[in-house]
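Asks: I'd like to ask you about the structure that follows.
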4 protein chains.
Amino acid sequence: MPLQTFSGVFPYLVSPIDDQGRVMETVLGSLVEHLINCGVHGLTPLGSTGEFAYLNDQQRERVIAVTVEACRGRVPVVAGVAATTTVAAREQVRRYEQLGVDGILAILEAYFPLPDDAIVRYFKTIADSTSLPVVLYTNPNFQRCDLTPPLIEQLAVVDNILYLKDASSNTGRLLSIMNRVGDRLKIFSASAHIPLCVMLLGGVGWMAGPACIIPRQSVRLYELSQQQRWQEALELQKPLWRINQLFARYNLAACIKGALEIQGFPVGAPLPPQPALTDEQRHEVALVLDEMEQLMKD
Amino acid sequence: MPLQTFSGVFPYLVSPIDDQGRVMETVLGSLVEHLINCGVHGLTPLGSTGEFAYLNDQQRERVIAVTVEACRGRVPVVAGVAATTTVAAREQVRRYEQLGVDGILAILEAYFPLPDDAIVRYFKTIADSTSLPVVLYTNPNFQRCDLTPPLIEQLAVVDNILYLKDASSNTGRLLSIMNRVGDRLKIFSASAHIPLCVMLLGGVGWMAGPACIIPRQSVRLYELSQQQRWQEALELQKPLWRINQLFARYNLAACIKGALEIQGFPVGAPLPPQPALTDEQRHEVALVLDEMEQLMKD
Amino acid sequence: MPLQTFSGVFPYLVSPIDDQGRVMETVLGSLVEHLINCGVHGLTPLGSTGEFAYLNDQQRERVIAVTVEACRGRVPVVAGVAATTTVAAREQVRRYEQLGVDGILAILEAYFPLPDDAIVRYFKTIADSTSLPVVLYTNPNFQRCDLTPPLIEQLAVVDNILYLKDASSNTGRLLSIMNRVGDRLKIFSASAHIPLCVMLLGGVGWMAGPACIIPRQSVRLYELSQQQRWQEALELQKPLWRINQLFARYNLAACIKGALEIQGFPVGAPLPPQPALTDEQRHEVALVLDEMEQLMKD
Amino acid sequence: MPLQTFSGVFPYLVSPIDDQGRVMETVLGSLVEHLINCGVHGLTPLGSTGEFAYLNDQQRERVIAVTVEACRGRVPVVAGVAATTTVAAREQVRRYEQLGVDGILAILEAYFPLPDDAIVRYFKTIADSTSLPVVLYTNPNFQRCDLTPPLIEQLAVVDNILYLKDASSNTGRLLSIMNRVGDRLKIFSASAHIPLCVMLLGGVGWMAGPACIIPRQSVRLYELSQQQRWQEALELQKPLWRINQLFARYNLAACIKGALEIQGFPVGAPLPPQPALTDEQRHEVALVLDEMEQLMKD
């Protein structure tokens with residue numbers, strides 16, 4: 001059976017957690033429903049925006065279970081797996097696969113620096129422990145171990161490592177990787193990149209937190225790119241980028257959660273000690289959201 | 001009742017974990033016994049060397065429990081508490097206090113950057129949730145959020161925040177902090193600093209991984225410093241520093257664990273994907289350990 | 001009189017210097033002639049590739065004089081001006097303007113960090129001291145003082161500051177700047193960016209070292225972008241990027257000079273202690289140059 | 001003839017330049033006279049504090065000439081030589097030697113990164129072109145090419161490379177270097193280090209900007225260290241460190257020049273665009289200078 005193919009807009013879901021540490025299942029379900037209705041092509045729980053680094057194992061599992069259930073197979077669910085040890089990563093993969101996810105977004109957390117072969121071993125072990133497609137995640141800004149282009153090339157030969165989600169902000173790096181791995185790995189943009197540029201270069205979509213709050217606009221941008229209507233796409237991309245400009249200045253989870261609250265999804269605040277948006281920041285976010293709404297009316 | 005006072009050599013204990021993920025209690029107990037017999041003044045489980053970032057909650061708790069039990073109150077046990085969320089940190093503090101530790105080494109893990117007031121809030125919450133003395137841990141090399149001198153000054157007014165363990169490698173920073181906080185915070189050196197220099201400046205001891213494998217030499221260096229026999233101390237410090245020079249080149253946990261294996265404590269390898277020492281590295285470590293032995297014979 | 005408009009491919013010229021420290025005028029003249037014949041739209045002496053940081057005042061002046069003379073007004077010459085002091089920068093502007101250049105590429109060298117208003121003052125002084133159009137140059141990789149987007153916005157109101165050459169490698173930063181300054185500043189790509197992406201976003205061309213050795217391919221890429229033939233442009237951009245991939249691994253001046261030697265322009269080696277290409281590196285460069293030649297034959 | 005030996009307090013001289021770009025010879029001469037009267041053991045023109053990176057060749061030469069003349073051989077003058085090219089460095093060495101300096105402080109400026117053997121070649125060429133003793137200068141904060149311990153070890157075998165001035169702020173690095181090179185290189189502290197610690201480790205003195213404004217206190221600290229009166233030295237070191245704490249927050253040249261103005265040496269402001277001290281900063285500096293005065297009265 002061929003592996004499932006991923007492409008298009010995959011919002012990073014936030015993880016709504018209440019004061020008692022419980023996953024707020026109703027609002028997470030509503031968000032999933034809303035995003036699918038807006039036309040997104042997949043869902044990615046437990047990415048950076050999903051605060052994977054702030055959740056315990058039980059919370060993580062619950063987020064996955066609720067997402068899969070609410071999704072009802074309408075779009076693929078690609079679950080973030082993140083750990084410092086190979087054992088913990090493999091355990092997460094096993095549980096999330098049992099819960100019914102369609103793909104794994106593989107993240108390496110590290111405290112001490114790791115030599116290259118240890119990095120490769122970690123990702124290979126993850127891939128070996130599942131039959132699902134694996135997306136490599138690389139984010140030199142927040143992570144201590146970088147997946148360099150030579151390591152990515154090594155991993156691209158693994159049967160079920162099929163995608164790369166790069167969050168480096170260096171678009172040239174993407175093209176260098178593409179030139180190395182050809183069609184063996186397909187590239188998803190992160191919110192650090194301009195989706196339009198990545199699509200022009202041959203990317204297959206984007207996995208990003210902001211897509212949670214501008215799903216219809218994101219889908220529209222994706223479709224224009226697919227149709228190679230680059231000038232129209234640019235006209236949409238330029239104002240959409242204001243979201244990224246704004247969010248780069250504050251805590252990302254706080255921004256996405258705050259924006260969703262404004263949009264009527266009471267997902268709560270990021271886990272403390274991370275701060276919620278201040279009133280002033282919330283006002284700024286509200287103004288940009290209005291601009292984004294306007295874009296779809298024109 | 002006045003809070004317990006800490007000073008002297010506090011080795012960072014390794015965390016011996018077997019292939020099944022179980023804490024190897026016998027060897028951990030033997031190591032504790034050995035270190036106390038060598039004269040160390042305290043024990044610090046779950047520091048960086050203790051691979052706190054690689055252990056799950058159950059493993060962490062077991063390491064603390066075994067250490068406290070083996071120690072039998074002969075020296076204080078200062079437990080590392082490390083989390084990305086305030087809730088998880090508070091929970092660790094509560095459990096470790098119940099298990100009988102004598103102090104808390106407070107570590108902030110972070111994924112997204114944090115504003116200053118959130119950093120302060122995290123450490124204050126830890127201190128508020130215990131009656132034990134708290135040691136602030138700052139390590140700009142491995143952690144994303146730095147405790148800057150102004151933040152340290154703010155935290156120094158909290159009743160039970162009494163110590164700072166600084167791992168910055170910048171000795172001038174220590175003196176700047178001392179000039180700011182005076183006697184309100186006492187300073188422990190980390191292995192990134194030269195203990196001799198920190199002692200000369202008025203430090204009260206050091207918390208460091210290498211003290212696990214050179215406990216008698218460390219105690220001797222501490223005593224010479226206490227007696228202000230600075231020249232003799234320097235004669236000892238210079239060759240001892242070779243341990244730090246060597247370990248800076250490899251994974252720290254691998255070095256300490258490898259050295260302990262050579263010394264007859266079968267503590268195993270660091271948790272994968274971290275690599276164990278290669279044969280060649282092990283040989284290098286063995287040679288330096290011989291030199292260290294020689295120092296105590298002269 | 002309206003200021004001259006710049007757009008298209010502006011190769012960074014190398015600075016050929018012989019063993020006695022003299023500018024090798026003949027080969028520099030031939031290179032200028034060759035590039036103009038290949039259709040480039042302008043020339044930029046004394047950029048990073050031109051080793052401005054390695055030349056003394058006399059050498060810099062001579063490079064400008066020879067370039068202007070060989071160019072004979074066929075395309076605009078935009079001269080790099082780089083200094084740590086305002087006085088030295090102003091002096092360079094004055095001399096180069098007397099020598100007949102058409103624009104100034106303004107670079108700030110710094111040893112100590114500078115506050116924002118000092119950075120702004122430096123660039124304003126340069127602009128005030130000339131009637132020529134000024135291109136701001138920002139390169140966070142090699143320079144200590146970054147022109148942040150807010151500073152760029154402040155400088156964009158100066159009458160003759162009309163362009164920005166950004167070498168940050170962060171393409172999203174370009175779009176953020178464009179969203180801030182609108183049409184007041186036009187953007188040139190650097191070799192750290194993918195020209196195709198910058199053109200799609202609304203850039204007006206690129207100033208880059210590699211254009212010295214692939215001038216016809218660069219002009220072709222520019223024309224395809226201008227005609228919005230994005231897919232064809234991508235087919236050309238992908239293999240052209242191999243040049244950047246290769247050069248990122250070695251000293252840039254050594255690569256460009258080595259490649260020009262292979263192409264029949266004896267421009268010599270970079271100034272010592274910078275190393276020339278080794279035989280092996282030269283062989284690698286020769287292979288890539290062959291690929292580049294092939295692109296224009298297809 | 002054996003090479004001259006350097007040890008003790010070597011203030012980095014500021015470079016007083018007037019609005020016309022001329023070296024203000026009278027005040028520079030007075031400063032030299034004052035420092036020698038205060039007991040300093042040597043003088044170092046054209047260090048970082050001397051704004052070498054902001055002066056042209058003529059200004060640099062004039063600073064050296066005036067210093068040598070005013071010094072009249074009473075203490076050694078060690079001149080900073082800094083360049084991006086080997087040729088320019090050699091030329092500076094030759095001129096400064098003709099002007100009568102007693103030693104060379106060798107600094108490598110770099111724009112592009114350099115491979116290790118090129119770095120070694122640069123410093124060897126400087127040493128080969130003079131019979132004077134050479135001090136290696138390493139400053140990873142402000143310079144792009146670091147002299148790593150292995151490179152320093154290679155250079156330590158050169159006959160007239162006798163000293164290292166390390167400005168890394170990492171005191172452990174100093175001990176690692178000492179353990180590598182033994183007595184072949186003697187170590188001078190920089191203002192990034194705590195002189196007291198470096199002296200305890202076996203350093204022979206310090207080369208630092210702040211010594212310009214606290215020369216008598218510096219000499220006193222040096223003497224206490226020489227006499228191994230470490231506790232008394234510490235009592236002096238602690239308050240002296242406030243100077244470093246203060247200056248770390250502003251432009252170093254502005255601080256030293258501003259402080260000298262307060263002390264009656266009208267040395268002017270740092271070269272623009274570097275800012276002079278604001279009134280408020282000047283007030284802060286004046287307060288600390290008062291404290292420093294007080295230290296010598298007790």
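Residue numbering restarts at 1 in every chain; chains get A, B, ... in the order shown in the structure tokens, and ligands count up from 1 in that same order.
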With a cut-off of 7 Å, could you pull out the residues of chain B touching chain A and give me the nearest pair of atoms for each, distance in Å to one decimal, using only C-alpha atoms, ordered by chain and ascending number, as a Markdown table?
Replies:
```
| residue | atom | partner | partner_atom | distance |
| --- | --- | --- | --- | --- |
| B:Ala53 | CA | A:Tyr111 | CA | 6.4 |
| B:Tyr54 | CA | A:Thr84 | CA | 5.6 |
| B:Thr84 | CA | A:Tyr54 | CA | 5.6 |
| B:Thr85 | CA | A:Pro272 | CA | 5.7 |
| B:Thr86 | CA | A:Pro273 | CA | 5.8 |
| B:Tyr111 | CA | A:Phe142 | CA | 6.3 |
| B:Phe112 | CA | A:Asn251 | CA | 6.7 |
| B:Leu114 | CA | A:Gln274 | CA | 6.5 |
| B:Ala118 | CA | A:Pro273 | CA | 5.3 |
| B:Arg121 | CA | A:Pro273 | CA | 6.9 |
| B:Tyr122 | CA | A:Pro273 | CA | 5.9 |
| B:Phe142 | CA | A:Tyr111 | CA | 6.3 |
| B:Asn251 | CA | A:Phe112 | CA | 6.7 |
| B:Leu271 | CA | A:Thr85 | CA | 6.5 |
| B:Pro272 | CA | A:Thr85 | CA | 5.7 |
| B:Pro273 | CA | A:Ala118 | CA | 5.3 |
| B:Gln274 | CA | A:Ala118 | CA | 6.4 |
| B:Pro275 | CA | A:Ala118 | CA | 6.7 |
```
Asks: For the selection just defined, write its residues with C-alpha atoms to a file, as a tab-separated table (two decimals), in the first residue's frame.
Replies:
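See part.tsv below for the written result:
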```tsv
chain	number	residue	atom	x	y	z
B	53	ALA	CA	16.82	16.70	30.44
B	54	TYR	CA	16.79	13.04	29.36
B	84	THR	CA	9.34	24.51	31.11
B	85	THR	CA	6.16	25.17	33.11
B	86	THR	CA	5.65	26.56	36.56
B	111	TYR	CA	11.47	26.72	24.26
B	112	PHE	CA	10.15	30.13	23.33
B	114	LEU	CA	10.56	34.58	27.90
B	118	ALA	CA	8.07	35.66	33.46
B	121	ARG	CA	7.85	34.63	38.32
B	122	TYR	CA	9.02	31.10	37.60
B	142	PHE	CA	22.64	25.19	27.35
B	251	ASN	CA	29.55	14.93	25.77
B	271	LEU	CA	20.81	7.85	27.36
B	272	PRO	CA	20.68	7.44	23.57
B	273	PRO	CA	20.95	9.05	21.12
B	274	GLN	CA	23.78	10.51	23.21
B	275	PRO	CA	26.88	8.47	22.36
```
Asks: With a distance cut-off of 12 Å and only C-alpha atoms, select the neighbouring residues of A:Gln226, excluding the residue or stretch itself and same-chain residues fewer than 3 positions from it, and output the selection as a list in words.
Replies: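 Here the answer would be Ser7, Gly8, Val9, Pro195, Leu196, Val198, Met199, Leu200, Leu201, Gly202, Gly203, Val204, Gly205, Val219, Arg220, Leu221, Tyr222, Glu223, Arg229, Trp230, Glu232 and Ala233 of chain A.
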Asks: Based on the backbone DSSP call, show me all residues of stretch 36-95 of chain C assigned strand (DSSP E), as JSON, numbers by chain.
Replies: {"C": [78, 79, 80, 81, 82, 83]}
Asks: Take the residues that were just selected and, keeping N, CA and C atoms, output them as a compact mmCIF listing (two decimals), in the first residue's frame.
Replies:
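Listed below is the output, out-v4.txt:
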```
# COMPACT_ATOMS: atom_id res chain seq x y z
N VAL C 78 28.24 51.84 -9.54
CA VAL C 78 27.86 52.13 -8.16
C VAL C 78 29.01 51.71 -7.24
N ALA C 79 29.66 52.69 -6.63
CA ALA C 79 30.89 52.41 -5.90
C ALA C 79 30.64 52.12 -4.43
N GLY C 80 31.27 51.08 -3.91
CA GLY C 80 31.19 50.78 -2.49
C GLY C 80 31.98 51.78 -1.67
N VAL C 81 31.33 52.32 -0.65
CA VAL C 81 31.97 53.23 0.29
C VAL C 81 31.85 52.58 1.66
N ALA C 82 32.98 52.33 2.30
CA ALA C 82 32.96 51.60 3.57
C ALA C 82 33.96 52.20 4.52
N ALA C 83 33.53 52.51 5.74
CA ALA C 83 34.44 53.09 6.70
C ALA C 83 33.90 52.89 8.11
```
Asks: Skip C:Val267 itself and residues of its chain fewer than 5 positions away, then list as a list in words all residues within 9 Å of it, counting only C-alpha atoms.
Replies: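 Listing them by chain and then by number gives Val14, Ser15, Pro16, Ile17, Asp18, Met24, Val27, Leu28, Lys257, Gly258, Leu260 and Glu261 of chain C.
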Asks: For stretch 166-179 of chain C, please output as a ChimeraX atom specification all residues within 6 Å (counting only C-alpha atoms; exclusion window: fewer than 3 positions along the same chain).
Replies: /A:169-170,193-194 /C:138-140,149,182,190,192-193
Asks: Using only C-alpha atoms, which protein or nucleic acid residues come within 12 Å of D:Cys71? Drop anything in the same chain fewer than 5 positions from it, and give the result as a VMD selection string.
Replies: chain D and resid 28 to 37 40 to 45 64 to 66 76 to 78 100 to 102
Asks: Using the chain letters and numbers from this document, which residues of stretch 135-237 of chain D does DSSP assign to alpha helix (DSSP H), as an MDAnalysis selection string?
Replies: chainID D and resid 149:155 171:181 195:201 215:226 230:237
Asks: So what do you get for atom CA of B:Val68 versus atom CA of B:Gly209, distance-wise?
Replies: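 Going from atom CA of B:Val68 over to atom CA of B:Gly209 covers 18.2 Å.
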